[in-house]
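Q: This is structure.txt (compact mmCIF, C-alpha atoms).
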# COMPACT_ATOMS: atom_id res chain seq x y z
CA MET Q 1 -9.30 77.55 117.39
CA GLU Q 2 -6.14 75.96 116.01
CA MET Q 3 -3.04 74.86 117.86
CA PRO Q 4 -1.02 76.21 119.46
CA PRO Q 5 -3.55 76.18 122.31
CA GLY Q 6 -3.58 79.21 124.58
CA SER Q 7 -1.08 79.03 127.41
CA PRO Q 8 1.30 81.13 129.48
CA GLU Q 9 3.67 83.27 127.49
CA GLY Q 10 7.03 82.19 126.24
CA GLU Q 11 6.23 78.74 124.84
CA GLU Q 12 6.95 77.22 121.46
CA ASP Q 13 4.39 75.34 119.38
CA THR Q 14 5.38 72.17 117.54
CA SER Q 15 1.95 71.12 116.26
CA GLN Q 16 2.91 72.20 112.74
CA PRO Q 17 5.67 70.63 110.61
CA GLN Q 18 9.17 71.85 111.33
CA GLU Q 19 9.23 74.07 108.21
CA GLN Q 20 6.04 75.78 109.32
CA TRP Q 21 7.17 76.42 112.87
CA LYS Q 22 10.32 78.08 111.58
CA LYS Q 23 8.17 80.46 109.55
CA ASN Q 24 5.65 81.22 112.28
CA SER Q 25 7.95 80.91 115.27
CA ARG Q 26 7.27 84.38 116.55
CA GLU Q 27 3.57 83.59 116.78
CA ASN Q 28 4.17 80.19 118.41
CA LEU Q 29 6.68 81.38 120.94
CA ASP Q 30 5.93 84.49 122.93
CA SER Q 31 8.45 85.76 125.39
CA THR Q 32 7.58 84.94 128.99
CA THR Q 33 9.15 88.08 130.27
CA GLN Q 34 10.40 91.36 128.88
CA ILE Q 35 14.16 90.93 128.92
CA ARG Q 36 15.94 94.10 129.74
CA GLN Q 37 19.66 94.36 129.22
CA GLN Q 38 21.09 95.88 132.34
CA PRO Q 39 24.76 96.47 133.07
CA ARG Q 40 26.04 94.16 135.73
CA ASP Q 41 29.12 92.32 136.83
CA PRO Q 42 29.96 89.21 134.79
CA PRO Q 43 28.08 86.10 135.99
CA THR Q 44 30.14 83.60 137.81
CA GLU Q 45 29.17 79.96 137.50
CA ILE Q 46 29.15 77.35 134.79
CA LEU Q 47 25.68 76.74 133.41
CA GLU Q 48 26.15 73.12 132.39
CA LEU Q 49 23.40 71.10 130.81
CA CYS Q 50 23.74 67.46 131.69
CA PRO Q 51 22.60 64.87 130.95
CA GLU Q 52 20.69 66.27 128.02
CA PRO Q 53 22.54 65.13 124.80
CA ILE Q 54 24.41 67.84 122.91
CA SER Q 55 24.75 65.91 119.67
CA GLN Q 56 24.59 62.49 118.14
CA ILE Q 57 28.36 62.18 118.27
CA LEU Q 58 28.34 62.42 122.05
CA GLU Q 59 25.86 59.57 122.44
CA ASN Q 60 27.96 56.71 121.08
CA PRO Q 61 27.00 53.63 123.10
CA GLN Q 62 30.51 52.15 123.20
CA GLY Q 63 31.31 53.75 126.53
CA THR Q 64 34.66 55.04 127.67
CA GLU Q 65 36.78 51.92 128.15
CA LYS Q 66 37.81 51.84 124.50
CA LEU Q 67 38.66 55.54 124.61
CA ALA Q 68 40.81 55.03 127.66
CA ALA Q 69 42.72 52.28 125.91
CA GLU Q 70 43.30 54.53 122.91
CA LEU Q 71 44.51 57.41 125.05
CA GLU Q 72 46.85 55.32 127.16
CA GLY Q 73 48.99 54.41 124.14
CA ASP Q 74 51.22 56.71 122.10
CA SER Q 75 49.53 57.97 118.94
CA ASP Q 76 52.62 56.99 116.92
CA LYS Q 77 53.07 53.33 117.89
CA SER Q 78 56.71 52.26 117.68
CA HIS Q 79 57.80 48.83 116.47
CA GLY Q 80 61.25 49.18 118.02
CA SER Q 81 62.67 47.64 121.18
CA ALA Q 82 60.94 47.67 124.52
CA SER Q 83 63.31 50.38 125.75
CA GLU Q 84 61.88 52.76 123.12
CA LEU Q 85 58.26 52.33 124.23
CA PRO Q 86 56.72 55.23 126.19
CA GLU Q 87 56.02 54.79 129.87
CA PRO Q 88 52.39 53.85 130.63
CA LEU Q 89 50.11 56.64 131.85
CA GLN Q 90 49.23 56.86 135.50
CA ALA Q 91 45.57 56.84 136.51
CA SER Q 92 45.89 60.51 137.46
CA ASP Q 93 46.72 61.37 133.82
CA LEU Q 94 43.16 60.56 132.72
CA TRP Q 95 39.98 62.39 133.69
CA TYR Q 96 36.58 60.92 132.81
CA CYS Q 97 33.74 63.41 132.27
CA PRO Q 98 30.96 62.30 134.66
CA ASP Q 99 28.37 62.13 131.86
CA GLY Q 100 30.64 59.94 129.71
CA SER Q 101 30.84 62.44 126.85
CA PHE Q 102 34.65 62.46 126.68
CA ILE Q 103 37.90 61.44 128.33
CA LYS Q 104 40.61 63.99 129.02
CA LYS Q 105 44.27 63.02 128.84
CA ILE Q 106 46.43 65.44 130.82
CA VAL Q 107 49.54 66.12 128.76
CA ILE Q 108 50.97 68.84 131.01
CA SER Q 109 49.65 69.28 134.54
CA GLY Q 110 48.44 72.71 135.59
CA GLN Q 111 49.29 74.76 138.64
CA GLY Q 112 47.31 74.97 141.86
CA LEU Q 113 43.81 73.65 142.55
CA ASP Q 114 41.56 76.47 141.34
CA LYS Q 115 39.47 75.91 138.20
CA PRO Q 116 37.35 78.21 136.01
CA LYS Q 117 33.76 78.92 137.03
CA LEU Q 118 30.84 80.83 135.58
CA GLY Q 119 32.08 84.25 134.50
CA SER Q 120 35.74 83.23 134.35
CA ARG Q 121 37.49 84.70 131.30
CA CYS Q 122 39.75 81.96 129.97
CA ARG Q 123 42.75 82.43 127.69
CA VAL Q 124 42.73 79.19 125.69
CA LEU Q 125 44.65 77.57 122.85
CA VAL Q 126 42.17 75.43 120.88
CA LEU Q 127 43.42 72.98 118.25
CA GLY Q 128 41.83 70.12 116.34
CA PHE Q 129 38.07 70.69 116.52
CA PRO Q 130 36.36 69.41 113.36
CA PHE Q 131 35.91 71.83 110.49
CA GLY Q 132 32.56 73.55 110.73
CA SER Q 133 32.27 73.05 114.50
CA GLY Q 134 31.77 76.79 114.92
CA LEU Q 135 34.49 77.00 117.57
CA PRO Q 136 37.56 79.25 117.30
CA GLU Q 137 40.92 77.75 116.32
CA GLY Q 138 44.16 78.93 117.89
CA TRP Q 139 44.47 81.38 120.77
CA THR Q 140 41.17 82.83 121.93
CA GLU Q 141 39.44 84.21 125.03
CA LEU Q 142 36.23 82.53 126.19
CA THR Q 143 33.97 83.49 129.10
CA LEU Q 144 32.31 80.52 130.77
CA GLY Q 145 28.55 80.77 130.81
CA ILE Q 146 28.44 83.66 128.35
CA GLY Q 147 28.59 83.98 124.59
CA PRO Q 148 27.20 82.35 121.45
CA TRP Q 149 30.14 79.93 121.24
CA ARG Q 150 28.42 77.83 123.90
CA GLU Q 151 25.45 77.12 121.62
CA GLU Q 152 27.54 75.36 118.99
CA THR Q 153 27.46 71.56 118.95
CA TRP Q 154 30.87 71.31 120.60
CA GLY Q 155 30.56 74.38 122.81
CA GLU Q 156 29.10 72.64 125.83
CA LEU Q 157 31.78 69.96 125.71
CA LEU Q 158 34.52 72.59 125.58
CA GLU Q 159 32.96 74.41 128.52
CA LYS Q 160 32.80 71.21 130.59
CA CYS Q 161 36.45 70.47 129.84
CA LEU Q 162 37.60 73.97 130.81
CA GLU Q 163 35.69 73.60 134.06
CA SER Q 164 37.94 70.65 134.94
CA MET Q 165 41.29 72.29 134.08
CA CYS Q 166 43.86 74.16 136.17
CA GLN Q 167 45.91 77.11 134.99
CA GLY Q 168 48.70 76.06 132.62
CA GLU Q 169 47.18 72.65 131.95
CA GLU Q 170 47.47 71.12 128.50
CA ALA Q 171 45.13 68.27 127.60
CA GLU Q 172 43.83 66.09 124.80
CA LEU Q 173 40.16 65.13 124.43
CA GLN Q 174 38.92 61.92 122.84
CA LEU Q 175 35.22 61.63 122.07
CA PRO Q 176 33.08 58.51 121.61
CA GLY Q 177 32.43 58.06 117.91
CA HIS Q 178 35.04 60.65 116.84
CA SER Q 179 37.66 58.92 114.71
CA GLY Q 180 39.85 61.97 114.08
CA PRO Q 181 42.88 63.06 116.10
CA PRO Q 182 42.26 64.20 119.69
CA VAL Q 183 41.23 67.78 120.30
CA ARG Q 184 43.98 69.68 122.12
CA LEU Q 185 43.37 72.41 124.69
CA THR Q 186 45.74 74.61 126.67
CA LEU Q 187 44.39 76.80 129.48
CA ALA Q 188 46.93 79.60 129.79
CA SER Q 189 45.06 81.69 132.38
CA PHE Q 190 41.62 82.57 133.72
CA THR Q 191 39.97 85.12 135.97
CA GLN Q 192 38.24 84.21 139.21
CA GLY Q 193 34.55 83.22 139.19
CA ARG Q 194 32.02 82.17 141.81
CA ASP Q 195 30.06 79.03 142.66
CA SER Q 196 26.28 78.85 142.32
CA TRP Q 197 25.71 78.97 146.06
CA GLU Q 198 27.44 82.35 146.11
CA LEU Q 199 24.86 83.87 143.75
CA GLU Q 200 21.89 85.81 145.09
CA ALA Q 201 18.40 84.73 144.09
CA SER Q 202 18.02 87.85 141.96
CA GLU Q 203 21.23 87.01 140.09
CA LYS Q 204 20.03 83.49 139.36
CA GLU Q 205 16.69 84.77 138.10
CA ALA Q 206 18.41 87.33 135.87
CA LEU Q 207 20.71 84.68 134.40
CA ALA Q 208 17.73 82.36 133.87
CA ARG Q 209 15.89 85.12 131.98
CA GLU Q 210 18.90 85.60 129.73
CA GLU Q 211 19.06 81.86 129.02
CA HIS Q 212 15.32 81.84 128.31
CA ALA Q 213 15.67 84.71 125.86
CA GLN Q 214 18.62 83.06 124.15
CA GLY Q 215 16.66 79.81 123.86
CA THR Q 216 13.79 81.71 122.25
CA GLU Q 217 16.12 83.18 119.63
CA LEU Q 218 17.64 79.78 118.86
CA PHE Q 219 14.21 78.16 118.53
CA ARG Q 220 13.09 80.87 116.14
CA ALA Q 221 16.25 80.30 114.13
CA GLY Q 222 15.39 76.61 113.76
CA ASN Q 223 17.85 75.29 116.36
CA PRO Q 224 15.80 73.28 118.89
CA GLU Q 225 18.92 71.53 120.20
CA GLY Q 226 20.59 74.79 121.19
CA ALA Q 227 17.29 76.10 122.56
CA ALA Q 228 16.90 72.98 124.72
CA ARG Q 229 20.34 73.56 126.23
CA CYS Q 230 19.41 77.13 127.12
CA TYR Q 231 16.08 76.14 128.67
CA GLY Q 232 17.80 73.37 130.62
CA ARG Q 233 20.40 75.75 132.03
CA ALA Q 234 17.69 78.23 133.01
CA LEU Q 235 15.78 75.49 134.82
CA ARG Q 236 18.91 74.34 136.66
CA LEU Q 237 19.30 77.86 138.02
CA LEU Q 238 15.65 78.25 139.03
CA LEU Q 239 15.44 74.80 140.64
CA THR Q 240 17.99 75.94 143.24
CA LEU Q 241 15.57 78.60 144.50
CA PRO Q 242 13.20 77.90 147.41
CA PRO Q 243 9.81 76.37 146.43
CA PRO Q 244 7.50 77.01 144.77
CA GLY Q 245 9.96 78.92 142.60
CA PRO Q 246 9.13 81.54 139.96
CA PRO Q 247 6.24 80.90 137.55
CA GLU Q 248 8.70 81.06 134.65
CA ARG Q 249 9.59 77.45 135.39
CA THR Q 250 6.27 76.37 133.87
CA ALA Q 251 6.97 78.09 130.56
CA LEU Q 252 10.52 76.73 130.50
CA HIS Q 253 9.36 73.13 130.97
CA ALA Q 254 6.71 73.58 128.25
CA ASN Q 255 9.30 75.11 125.90
CA LEU Q 256 11.70 72.29 126.63
CA ALA Q 257 8.99 69.75 125.75
CA ALA Q 258 8.50 71.49 122.40
CA CYS Q 259 12.21 71.15 121.65
CA GLN Q 260 12.29 67.53 122.77
CA LEU Q 261 9.44 66.62 120.41
CA LEU Q 262 11.32 68.17 117.50
CA LEU Q 263 14.48 66.32 118.53
CA GLY Q 264 12.68 62.97 118.57
CA GLN Q 265 12.78 62.59 122.36
CA PRO Q 266 9.14 61.81 123.27
CA GLN Q 267 9.97 60.22 126.63
CA LEU Q 268 11.76 63.38 127.78
CA ALA Q 269 8.90 65.47 126.38
CA VAL Q 270 6.42 63.51 128.52
CA GLN Q 271 8.52 64.21 131.62
CA SER Q 272 8.73 67.93 130.84
CA CYS Q 273 4.96 68.13 130.29
CA ASP Q 274 4.39 66.29 133.58
CA ARG Q 275 6.28 69.09 135.37
CA VAL Q 276 4.02 71.67 133.75
CA LEU Q 277 0.81 69.81 134.53
CA GLU Q 278 1.81 69.32 138.16
CA ARG Q 279 1.56 73.09 138.52
CA GLU Q 280 -1.19 73.76 135.96
CA PRO Q 281 -3.39 70.68 135.28
CA GLY Q 282 -5.31 72.49 132.53
CA HIS Q 283 -2.29 73.72 130.59
CA LEU Q 284 -3.43 73.19 126.97
CA LYS Q 285 -0.05 73.13 125.27
CA ALA Q 286 1.38 70.70 127.81
CA LEU Q 287 -1.64 68.41 127.42
CA TYR Q 288 -1.38 68.53 123.63
CA ARG Q 289 2.38 67.96 123.57
CA ARG Q 290 2.14 65.13 126.06
CA GLY Q 291 -0.58 63.55 123.92
CA VAL Q 292 1.64 63.77 120.85
CA ALA Q 293 4.57 62.32 122.80
CA GLN Q 294 2.49 59.45 124.21
CA ALA Q 295 1.30 58.60 120.70
CA ALA Q 296 4.91 58.52 119.50
CA LEU Q 297 5.70 56.10 122.33
CA GLY Q 298 2.77 53.88 121.38
CA ASN Q 299 0.80 54.71 124.52
CA LEU Q 300 -2.41 55.29 122.60
CA GLU Q 301 -4.82 55.27 125.54
CA LYS Q 302 -2.81 57.93 127.36
CA ALA Q 303 -2.50 59.95 124.16
CA THR Q 304 -6.28 59.75 123.66
CA ASP Q 305 -6.93 60.92 127.22
CA ASP Q 306 -4.68 63.98 126.88
CA LEU Q 307 -6.06 65.00 123.49
CA LYS Q 308 -9.66 64.61 124.67
CA LYS Q 309 -8.83 66.89 127.62
CA VAL Q 310 -7.61 69.52 125.17
CA LEU Q 311 -10.83 69.24 123.17
CA ALA Q 312 -12.95 69.37 126.32
CA ILE Q 313 -11.42 72.77 127.07
CA ASP Q 314 -11.22 73.94 123.45
CA PRO Q 315 -13.62 71.95 121.24
CA LYS Q 316 -12.56 73.81 118.07
CA ASN Q 317 -8.90 73.02 118.46
CA ARG Q 318 -8.14 71.69 114.97
CA ALA Q 319 -4.63 70.41 115.73
CA ALA Q 320 -5.90 68.33 118.65
CA GLN Q 321 -8.75 67.01 116.47
CA GLU Q 322 -6.33 65.96 113.74
CA GLU Q 323 -3.93 64.35 116.19
CA LEU Q 324 -6.76 62.44 117.85
CA GLU Q 325 -7.89 61.13 114.45
CA LYS Q 326 -4.34 59.88 113.82
CA VAL Q 327 -4.32 58.13 117.19
CA VAL Q 328 -7.67 56.45 116.45
CA ILE Q 329 -6.39 55.20 113.08
CA GLN Q 330 -3.18 54.01 114.70
CA GLY Q 331 -5.21 52.16 117.32
CA LYS Q 332 -7.30 50.40 114.68
CA LYS Q 333 -4.14 49.27 112.86
CA GLN Q 334 -2.71 48.04 116.14
CA ASP Q 335 -5.87 46.06 116.89
CA ALA Q 336 -5.93 44.59 113.38
CA GLY Q 337 -2.30 43.50 113.71
CA LEU Q 338 -3.02 41.90 117.07
CA ALA Q 339 -6.04 40.06 115.68
CA GLN Q 340 -4.05 38.76 112.73
CA GLY Q 341 -1.33 37.53 115.07
CA LEU Q 342 -3.86 35.70 117.22
CA ARG Q 343 -5.38 34.03 114.17
CA LYS Q 344 -1.98 32.78 113.08
CA MET Q 345 -1.26 31.54 116.57
CA PHE Q 346 -4.54 29.67 117.12
CA GLY Q 347 -5.82 29.18 113.58
Turn the structure described in the file into structure tokens.
A:
Amino acid sequence: MEMPPGSPEGEEDTSQPQEQWKKNSRENLDSTTQIRQQPRDPPTEILELCPEPISQILENPQGTEKLAAELEGDSDKSHGSASELPEPLQASDLWYCPDGSFIKKIVISGQGLDKPKLGSRCRVLVLGFPFGSGLPEGWTELTLGIGPWREETWGELLEKCLESMCQGEEAELQLPGHSGPPVRLTLASFTQGRDSWELEASEKEALAREEHAQGTELFRAGNPEGAARCYGRALRLLLTLPPPGPPERTALHANLAACQLLLGQPQLAVQSCDRVLEREPGHLKALYRRGVAQAALGNLEKATDDLKKVLAIDPKNRAAQEELEKVVIQGKKQDAGLAQGLRKMFG
């Protein structure tokens, strides 16, 4: 039997090259549950995925101090007298996103203390997002937690910013690594939403199923980054339920590991597989994916152990056999390199 190894429904398989998994995605990723579209009231809380990275541009290691310095000055620096210089910003004029992905400069303060939540329909003026970002330009209406706009590279950032704004607020966003002019947002109005603790367990499970289904579609379309955000949001909803939680959590963690392998995040993939194997120690796909991830991290003994466990359960698993052969070859090269280093050191 070839990989993907048998496992609970609704999990992607990344044992083949990325081009192959795009082609055979429907076979590698079965839906965990039959998703039925049922009319209901709009959901009402922001499904934010942090700290999982949304794009390379949001992972610039420079931090936020430089951004703050850039935002505190006027964009058009004057060389005139001191009396012509703008007044320095107060600390309250800057808001730092907790995950460090951006700094918000409040240009015009909003009214009141209420802020948008999941299900809030926001009337927004959006200006300055890079061309090709997939986000609307100009006046638009966005519903937090709902809609394909959230799956674009910049969508999650926009959603996090709106979550921090009051009605009537106008703000500029500066991003680490983004050299262009600041993105400008104006929140004209929004409808009332609800916090997560106000949602019933059935509502959370329904929202999680929708996120799972959306993640499946994105994975099939060759977008593991967007799929990972959906799976992460679904897990955040289900983790708030009393233990042991629904069995769908296992499939979501396994799916997330598949995305993380494709995104070059083996350490995160190991953690996701650990969550699966805590509940199902014999989960073949989790064992295989953890073995692949451990090999990528250079933990060859751990990789060998996981892959041998797969073969003990399914001796004809060709993908596990091939991966184990790669690990053995990698181990021999590692030993040869170590031996050569010792000879140079003591020879």
Q: Taking (-10.1, 66.1, 126.3) in the file's coordinates, which residues come within 12 Å, counting only C-alpha atoms, written as a PDB file with C-alpha atoms, keeping the file's coordinate frame?
A:
ATOM      1  CA  GLY Q 282      -5.310  72.490 132.530  1.00  0.00           C
ATOM      2  CA  HIS Q 283      -2.290  73.720 130.590  1.00  0.00           C
ATOM      3  CA  LEU Q 284      -3.430  73.190 126.970  1.00  0.00           C
ATOM      4  CA  LEU Q 287      -1.640  68.410 127.420  1.00  0.00           C
ATOM      5  CA  TYR Q 288      -1.380  68.530 123.630  1.00  0.00           C
ATOM      6  CA  GLY Q 291      -0.580  63.550 123.920  1.00  0.00           C
ATOM      7  CA  LYS Q 302      -2.810  57.930 127.360  1.00  0.00           C
ATOM      8  CA  ALA Q 303      -2.500  59.950 124.160  1.00  0.00           C
ATOM      9  CA  THR Q 304      -6.280  59.750 123.660  1.00  0.00           C
ATOM     10  CA  ASP Q 305      -6.930  60.920 127.220  1.00  0.00           C
ATOM     11  CA  ASP Q 306      -4.680  63.980 126.880  1.00  0.00           C
ATOM     12  CA  LEU Q 307      -6.060  65.000 123.490  1.00  0.00           C
ATOM     13  CA  LYS Q 308      -9.660  64.610 124.670  1.00  0.00           C
ATOM     14  CA  LYS Q 309      -8.830  66.890 127.620  1.00  0.00           C
ATOM     15  CA  VAL Q 310      -7.610  69.520 125.170  1.00  0.00           C
ATOM     16  CA  LEU Q 311     -10.830  69.240 123.170  1.00  0.00           C
ATOM     17  CA  ALA Q 312     -12.950  69.370 126.320  1.00  0.00           C
ATOM     18  CA  ILE Q 313     -11.420  72.770 127.070  1.00  0.00           C
ATOM     19  CA  ASP Q 314     -11.220  73.940 123.450  1.00  0.00           C
ATOM     20  CA  PRO Q 315     -13.620  71.950 121.240  1.00  0.00           C
ATOM     21  CA  LYS Q 316     -12.560  73.810 118.070  1.00  0.00           C
ATOM     22  CA  ASN Q 317      -8.900  73.020 118.460  1.00  0.00           C
ATOM     23  CA  ALA Q 320      -5.900  68.330 118.650  1.00  0.00           C
ATOM     24  CA  GLN Q 321      -8.750  67.010 116.470  1.00  0.00           C
ATOM     25  CA  GLU Q 323      -3.930  64.350 116.190  1.00  0.00           C
ATOM     26  CA  LEU Q 324      -6.760  62.440 117.850  1.00  0.00           C
TER      27      LEU Q 324
END
Q: Between Q:Trp139, Q:Phe102, Q:Phe190, Q:Tyr96, which residue has the minimum interatomic distance to Trp154 of chain Q, considering only C-alpha atoms?
A: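 Of Q:Trp139, Q:Phe102, Q:Phe190, Q:Tyr96, the one nearest Trp154 of chain Q, counting only C-alpha atoms, is Q:Phe102.
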Q: So the first atom is atom CA of Glu137 of chain Q and the second is atom CA of Leu158 of chain Q; what is the distance between them in Å, to one decimal place?
A: 12.4 Å
Q: Ranking Q:Ala213, Q:Leu135, Q:Ile106, Q:Leu127 by minimum distance to Glu170 of chain Q and counting all atoms listed in the file, which one comes first?
A: Q:Ile106
Q: So how many Å separate atom CA of Gly226 of chain Q and atom CA of Val126 of chain Q, to one decimal?
A: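 Between these atoms lies a distance of 21.6 Å.
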